[in-house]
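Notes to accompany the following structure.
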Amino acid sequence: MARRTPRAHYDAIIVGAGFGGLHMLHRLRGLGLTVRLFDAADQVGGTWFWNRYPGARCDFESHDYSYEFDDQLQQDWTWSERYPAQPEILRYLNHVADRFDLRTDIQLRTKVTSAQYADDTESWTVGTEGDDHTETASAQFLIMATGALSLPRLPDFPGIDRFAGRWYHTANWPHESVDFTGKKVAVIGTGSSGVQVIPRIAQQSEYLYVLQRTAGFIVPAHNRPLSLDEDDAIKSDYQAYRDRARESYLGVHFPTEDVSALEATPDERTAAYEARWQAGGSAILATYPDLPTDVRANDTLADFVRSKIAELVVDDDTAKLLTPQGFPIGSKRLVVDTEYYPTFNRDTVELIDVRADPIEEITETGIRTSNTEYNVDAIVFATGFDALTGPLLNIDIRGTNGRTLTDKWSAGPTTYLGLAIAGFPNLFSIAGPGSPSVLSNVVRSTEQHVEWIAELLQHMREHGYRAIAATPDAEQRWVDDVNDVAAATVLTSANSWYLGANVPGKPRVFMPYAGGVPEYRRICDDIAADNYRGFVLS
Ligand code: NA7
């Protein structure tokens, strides 16, 4: 039987040792709070600990995808590539843990399974499972830094247990390197993870089947080593660089033309898109201000990207199948690639349309679709996550009067600012549903949340408050705002994981806040300045 260790009490418990959790721990320790951080992994790093598949790389640029809270840290750290690869981000987060001496308050290999609020003591009791023991710990505040994309999703195909080969999920990749040399491999899924892993597996494997359900919009990264001159140019005025990002919709500065896409002539548009295509990255989505809001404007960019696929893929049928149709560009997350389309020009790579011929089951020797059987030695699931709500609902969270979060969110997530949940006092979520989160540079968004929460806890200490609770009214108004803002964009018109569409039975609610990073920050700051309007402090 699992050993139980004695219960401990802290000012705050943090769940998750990724970007948000590590920074939160540092910030709260700086306020003199006693803090315990739990994480199920055996290293810090959060999503960058788990997603270690070949080709795993961030789709934001290195300097943007790094902390700004400590100037010496940002001056001392030198990124080696334009887009940081998973091992480099993991090294960075380990460096942060060492540099700020965070490890003494971090308990790894410890999965938080439950969290219960006690109305009488106004505190949370958290249940955990470790390698060989269970534990409870309590705290006045509970901060969920569990990430938006941390609960991997394996489709419910029957038969996976009888597959005689090896199978992998990109978000739970083995630590030892996986060798596909001489193997027949199938990859299921062509989102960001699939698009990154497919070219790498194609280089090794004897034969690769790519099982695609939906063709996405994919633009080139043009990744490359960063020169010291480029690094110096940013570091010489990092503050200006950060200020520009802070004022930008995504929390990253991308140059935008000052006319509508529809006002520009076709030649001007093509030139503007071509320049951004050649420069690389998701900046192309910001070419014109109306691309996210006007379908006709959006179509001009969608058509441009479609024309590129026809240029890059030699076989016409394959190119056609890789061409996205039926949803606006950006309504599913734009994928940034390296060598994805040319991979389909190899004669050892075959694209399979599993929308026309759906997967029925996994067999002992491979994958059976309605019409065909594919015999393979290995299957790679790049099938994504139960995004945003999954990581929170995966823990048995119970608020006031024992009400479960699962019950409260049965029709979809409701939050105040994406930071707090009515009926769950003293609990905060970092980059959770209802905040810009996955629609932004998440490092900028987690830092903003960490600062906001830290200032709130300091305020509570100074004024002798013990509990803070979002009011149901304020929460409802925020939920309405989140819906209204999303409805004014093209974002709700695709079957995306932003809407929960990738998980059968999940309520279809647009989850992140689409009003942009600057507007969101302004709202959060106004609420704090107005004595935390919409919260009851006691
Ligand atoms: P995504 O973007 O959710 O991609 C998952 C892919 O798996 C996508 O192509 C799905 O097709 C496909 N999928 C999921 N279930 C199935 C089934 N049952 N059959 C066939 N294909 C399936 O996850 P990623 O890991 O690539 O990226 C997530 C984010 O992580 C990314 O945006 C970055 O922010 C980092 P669909 O499109 O649903 O038809």
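The way I read the labels, and the way they are meant: chains A, B, ... in the order of the structure tokens, residue 1 as the first residue of every chain, and ligand 1 as the first ligand shown, with later ones counted on from there.
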
Q) Which residues in range 189-361 of chain A does DSSP call strand (DSSP E)? List them as a PyMOL selection string. A) chain A and resi 207-212+218-220+335-337+349-353+359-361

Could the residues in this selection be written to a file with C-alpha atoms, as an mmCIF file, in the first residue's frame?
```
data_model
loop_
_atom_site.group_PDB
_atom_site.id
_atom_site.type_symbol
_atom_site.label_atom_id
_atom_site.label_comp_id
_atom_site.auth_asym_id
_atom_site.auth_seq_id
_atom_site.Cartn_x
_atom_site.Cartn_y
_atom_site.Cartn_z
ATOM 1 C CA TYR A 207 8.381 4.123 -45.307
ATOM 2 C CA LEU A 208 6.087 6.672 -43.715
ATOM 3 C CA TYR A 209 2.300 6.906 -43.866
ATOM 4 C CA VAL A 210 0.915 10.296 -42.825
ATOM 5 C CA LEU A 211 -2.710 9.956 -41.766
ATOM 6 C CA GLN A 212 -4.363 13.342 -42.192
ATOM 7 C CA ILE A 218 1.204 25.888 -42.709
ATOM 8 C CA VAL A 219 3.828 28.593 -43.232
ATOM 9 C CA PRO A 220 7.628 28.287 -43.230
ATOM 10 C CA VAL A 335 1.354 25.893 -38.057
ATOM 11 C CA VAL A 336 4.958 26.953 -38.616
ATOM 12 C CA ASP A 337 7.065 24.331 -40.378
ATOM 13 C CA VAL A 349 6.191 9.133 -47.835
ATOM 14 C CA GLU A 350 2.487 8.641 -48.513
ATOM 15 C CA LEU A 351 -0.372 10.910 -47.466
ATOM 16 C CA ILE A 352 -3.581 9.132 -46.434
ATOM 17 C CA ASP A 353 -6.906 10.950 -46.235
ATOM 18 C CA ILE A 359 -9.533 4.924 -39.073
ATOM 19 C CA GLU A 360 -11.602 2.000 -37.745
ATOM 20 C CA GLU A 361 -9.170 0.272 -35.431
#
```

(Q) Residues of range 103-335 of chain A classed as alpha helix (DSSP H) by DSSP on the backbone are to be reported as JSON, numbers by chain. (A) {"A": [192, 193, 194, 195, 196, 197, 198, 199, 200, 201, 202, 203, 204, 228, 229, 230, 231, 232, 233, 234, 235, 238, 239, 240, 241, 242, 243, 244, 245, 246, 266, 267, 268, 269, 270, 271, 272, 273, 274, 275, 276, 277, 278, 279, 295, 296, 297, 298, 299, 300, 301, 302, 303, 304, 305, 306, 307, 308, 309, 310, 311, 312, 316, 317, 318, 319, 320, 321]}

Pick out the residues no farther than 8 Å from ligand 1, counting only C-alpha atoms and all ligand atoms, and list them as a short mmCIF file (atom, residue, chain, number, x, y, z; two decimals) with N, CA, C and O atoms, in the first residue's frame.
```cif
data_model
loop_
_atom_site.label_atom_id
_atom_site.label_comp_id
_atom_site.auth_asym_id
_atom_site.auth_seq_id
_atom_site.Cartn_x
_atom_site.Cartn_y
_atom_site.Cartn_z
N CYS A 58 9.63 25.63 -30.51
CA CYS A 58 8.61 26.65 -30.28
C CYS A 58 8.32 27.40 -31.57
O CYS A 58 9.21 27.58 -32.41
N ASP A 59 7.06 27.84 -31.74
CA ASP A 59 6.74 28.59 -32.96
C ASP A 59 6.77 30.10 -32.73
O ASP A 59 6.39 30.87 -33.60
N LEU A 149 -1.96 23.12 -22.59
CA LEU A 149 -1.81 21.98 -23.51
C LEU A 149 -0.93 20.95 -22.82
O LEU A 149 0.21 20.70 -23.22
N PRO A 152 -2.40 15.18 -22.84
CA PRO A 152 -2.42 14.64 -24.20
C PRO A 152 -3.68 13.86 -24.47
O PRO A 152 -4.29 13.29 -23.56
N ARG A 153 -4.07 13.84 -25.74
CA ARG A 153 -5.28 13.12 -26.11
C ARG A 153 -4.96 12.01 -27.10
O ARG A 153 -4.35 12.22 -28.14
N LEU A 154 -5.36 10.82 -26.69
CA LEU A 154 -5.24 9.65 -27.56
C LEU A 154 -6.64 9.34 -28.04
O LEU A 154 -7.55 9.17 -27.24
N PRO A 155 -6.85 9.28 -29.36
CA PRO A 155 -8.22 8.99 -29.83
C PRO A 155 -8.67 7.62 -29.34
O PRO A 155 -7.83 6.75 -29.06
N ASP A 156 -9.99 7.43 -29.27
CA ASP A 156 -10.48 6.17 -28.71
C ASP A 156 -10.59 5.08 -29.78
O ASP A 156 -11.62 4.42 -29.87
N PHE A 157 -9.57 4.91 -30.61
CA PHE A 157 -9.63 3.80 -31.57
C PHE A 157 -9.54 2.49 -30.80
O PHE A 157 -8.66 2.35 -29.95
N THR A 170 3.33 12.15 -29.22
CA THR A 170 4.35 13.21 -29.27
C THR A 170 4.49 13.93 -27.93
O THR A 170 5.58 14.40 -27.60
N ALA A 171 3.40 14.02 -27.17
CA ALA A 171 3.44 14.78 -25.92
C ALA A 171 3.88 13.92 -24.73
O ALA A 171 3.83 14.38 -23.58
N ILE A 188 -0.24 9.72 -37.06
CA ILE A 188 -1.63 10.17 -37.10
C ILE A 188 -1.66 11.59 -36.55
O ILE A 188 -1.25 11.83 -35.40
N GLY A 189 -2.15 12.55 -37.36
CA GLY A 189 -2.26 13.92 -36.86
C GLY A 189 -1.30 14.84 -37.58
O GLY A 189 -0.11 14.52 -37.74
N THR A 190 -1.81 15.98 -38.04
CA THR A 190 -1.00 16.93 -38.79
C THR A 190 -1.18 18.36 -38.27
O THR A 190 -1.27 19.32 -39.02
N GLY A 191 -1.29 18.50 -36.92
CA GLY A 191 -1.23 19.82 -36.29
C GLY A 191 0.25 20.19 -36.12
O GLY A 191 1.14 19.62 -36.78
N SER A 192 0.54 21.13 -35.22
CA SER A 192 1.93 21.60 -35.05
C SER A 192 2.88 20.44 -34.76
O SER A 192 3.99 20.38 -35.31
N SER A 193 2.47 19.53 -33.87
CA SER A 193 3.39 18.45 -33.47
C SER A 193 3.64 17.51 -34.65
O SER A 193 4.79 17.14 -34.93
N GLY A 194 2.56 17.11 -35.34
CA GLY A 194 2.72 16.22 -36.49
C GLY A 194 3.59 16.87 -37.56
O GLY A 194 4.51 16.24 -38.10
N VAL A 195 3.33 18.13 -37.84
CA VAL A 195 4.08 18.82 -38.90
C VAL A 195 5.57 18.93 -38.53
O VAL A 195 6.44 18.90 -39.40
N LEU A 211 -1.25 10.06 -41.78
CA LEU A 211 -2.71 9.96 -41.77
C LEU A 211 -3.30 11.31 -41.39
O LEU A 211 -3.18 11.75 -40.24
N GLN A 212 -3.88 11.97 -42.37
CA GLN A 212 -4.36 13.34 -42.19
C GLN A 212 -5.89 13.37 -42.18
O GLN A 212 -6.53 12.82 -43.07
N ARG A 213 -6.45 14.02 -41.15
CA ARG A 213 -7.91 14.21 -41.14
C ARG A 213 -8.27 15.57 -41.71
O ARG A 213 -9.23 15.71 -42.46
N THR A 214 -7.50 16.61 -41.30
CA THR A 214 -7.77 17.96 -41.81
C THR A 214 -6.45 18.58 -42.25
O THR A 214 -5.50 18.61 -41.46
N ALA A 215 -6.40 19.07 -43.47
CA ALA A 215 -5.19 19.80 -43.91
C ALA A 215 -5.22 21.18 -43.26
O ALA A 215 -6.25 21.86 -43.30
N GLY A 216 -4.11 21.59 -42.68
CA GLY A 216 -4.07 22.90 -42.02
C GLY A 216 -3.31 23.91 -42.86
O GLY A 216 -2.72 23.57 -43.89
N LYS A 332 -7.86 27.82 -36.99
CA LYS A 332 -7.14 26.77 -36.29
C LYS A 332 -5.72 27.30 -36.16
O LYS A 332 -5.28 28.08 -37.03
N ARG A 333 -5.01 26.89 -35.14
CA ARG A 333 -3.70 27.50 -34.92
C ARG A 333 -2.81 27.37 -36.17
O ARG A 333 -2.64 26.28 -36.70
N LEU A 334 -2.26 28.50 -36.59
CA LEU A 334 -1.38 28.50 -37.76
C LEU A 334 -0.14 27.67 -37.42
O LEU A 334 0.47 27.87 -36.37
N VAL A 335 0.21 26.77 -38.32
CA VAL A 335 1.35 25.89 -38.06
C VAL A 335 2.58 26.45 -38.78
O VAL A 335 2.48 26.92 -39.91
N VAL A 354 -7.70 10.36 -44.01
CA VAL A 354 -8.56 9.59 -43.10
C VAL A 354 -9.89 10.29 -42.81
O VAL A 354 -10.65 9.84 -41.97
N ARG A 355 -10.12 11.39 -43.49
CA ARG A 355 -11.49 11.93 -43.45
C ARG A 355 -12.34 11.14 -44.46
O ARG A 355 -13.44 10.70 -44.13
N PRO A 358 -11.96 6.76 -42.90
CA PRO A 358 -11.63 6.93 -41.49
C PRO A 358 -10.96 5.70 -40.85
O PRO A 358 -11.18 4.58 -41.29
N ILE A 359 -10.18 5.99 -39.84
CA ILE A 359 -9.53 4.92 -39.07
C ILE A 359 -10.62 4.17 -38.31
O ILE A 359 -11.44 4.78 -37.61
N PHE A 381 1.28 8.94 -32.48
CA PHE A 381 0.06 9.74 -32.32
C PHE A 381 0.48 11.20 -32.10
O PHE A 381 1.13 11.51 -31.09
N ALA A 382 0.14 12.05 -33.06
CA ALA A 382 0.38 13.49 -32.89
C ALA A 382 -1.01 14.12 -32.81
O ALA A 382 -1.36 15.01 -33.57
N THR A 383 -1.81 13.58 -31.90
CA THR A 383 -3.25 13.83 -31.91
C THR A 383 -3.69 14.89 -30.90
O THR A 383 -4.88 15.03 -30.64
N GLY A 384 -2.73 15.63 -30.35
CA GLY A 384 -3.09 16.83 -29.61
C GLY A 384 -3.48 16.61 -28.16
O GLY A 384 -3.10 15.62 -27.52
N PHE A 385 -4.27 17.55 -27.66
CA PHE A 385 -4.51 17.68 -26.22
C PHE A 385 -5.98 17.93 -25.92
O PHE A 385 -6.71 18.46 -26.77
N VAL A 438 -3.49 30.61 -25.06
CA VAL A 438 -2.99 30.00 -26.31
C VAL A 438 -3.17 30.90 -27.54
O VAL A 438 -2.66 30.58 -28.60
N ASN A 495 -13.52 23.81 -36.72
CA ASN A 495 -13.59 22.77 -35.69
C ASN A 495 -12.23 22.68 -35.01
O ASN A 495 -11.43 21.79 -35.29
N SER A 496 -11.96 23.60 -34.10
CA SER A 496 -10.62 23.68 -33.52
C SER A 496 -10.62 23.26 -32.07
O SER A 496 -11.68 23.18 -31.44
N TRP A 497 -9.41 23.01 -31.55
CA TRP A 497 -9.33 22.72 -30.11
C TRP A 497 -9.56 23.98 -29.27
O TRP A 497 -9.83 23.88 -28.08
N ALA A 501 -13.46 21.22 -30.03
CA ALA A 501 -14.06 20.34 -31.05
C ALA A 501 -13.29 19.04 -31.25
O ALA A 501 -13.81 18.11 -31.86
N ASN A 502 -12.05 18.98 -30.73
CA ASN A 502 -11.25 17.76 -30.96
C ASN A 502 -11.53 16.66 -29.94
O ASN A 502 -11.00 15.57 -30.05
N VAL A 503 -12.35 16.96 -28.93
CA VAL A 503 -12.62 15.95 -27.90
C VAL A 503 -14.12 15.61 -27.96
O VAL A 503 -14.96 16.46 -27.66
#
```

Q) Out of A:Val479, A:Ser307, A:Arg296, A:Asp317, which residue has the shortest atom-to-atom distance to Tyr513 in chain A when counting only C-alpha atoms? A)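 Closest to Tyr513 in chain A, using only C-alpha atoms: A:Val479.
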
**Q.** Ser435 in chain A environment, 10 Å, only C-alpha atoms, sequence neighbours closer than 6 positions dropped, as a VMD selection string
**A.** chain A and resid 415 to 419 429 445 to 446 449 482 511 to 517 520 to 521

**Q.** Distance of CA of Ala286 in chain A from CA of Gln325 in chain A, expressed in Å to one decimal place
**A.** 20.5 Å

Q) What does the distance between CA of Ala264 in chain A and CA of Gly251 in chain A come to in Å, to one decimal place? A)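 Separating CA of Ala264 in chain A from CA of Gly251 in chain A is a distance of 25.9 Å.
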
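Residue nearest Tyr117 in chain A, chosen from A:Ala356, A:Leu25, A:Ala97, A:Ala139 and counting only C-alpha atoms: A:Ala139.
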
Q. CA of Val490 in chain A to CA of Ser331 in chain A: how many Å, to one decimal?
A.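 These two atoms are separated by 6.1 Å.
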
Q.
So that I can check the surroundings of Thr348 in chain A, please list as an MDAnalysis selection string every protein, DNA and RNA residue that reaches within 12 Å of it, counting only C-alpha atoms and ignoring chain neighbours fewer than 6 positions away.
A. chainID A and resid 182:186 199 201:210

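Among the candidates A:His459, A:Arg200, A:Arg224, A:His175, the one nearest to Arg52 in chain A when counting only C-alpha atoms is A:His175.
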
Q) In terms of the shortest atom-to-atom distance over only C-alpha atoms, which of A:Gly147, A:Gln278, A:Gly20, A:Ile523 is closest to Glu451 in chain A? A)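 The shortest atom-to-atom distance to Glu451 in chain A comes from A:Gly20.
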
Q | Close residues, Pro292 in chain A itself excluded, 8 Å, only C-alpha atoms, min 2 positions apart in chain, as a ChimeraX atom specification | A | /A:285,289-290,294-295,298,330,489-491

Q) Near range 265-272 of chain A, counting only C-alpha atoms, which residues have an atom at most 9 Å away, once you skip same-chain residues fewer than 4 positions from it, shown as a list in words? A)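 Near neighbours after the sequence-gap exclusion: Glu257, Ala261, Arg276, Trp277, Ile284, Thr287, Thr300, Leu301 and Phe304 of chain A.
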
Q) Counting only C-alpha atoms, what is within 9 Å of Asp161 in chain A, bar same-chain residues fewer than 3 positions away, as a list in words? A) Pro158, Ala164, Ile362, Thr363 and Glu364 of chain A
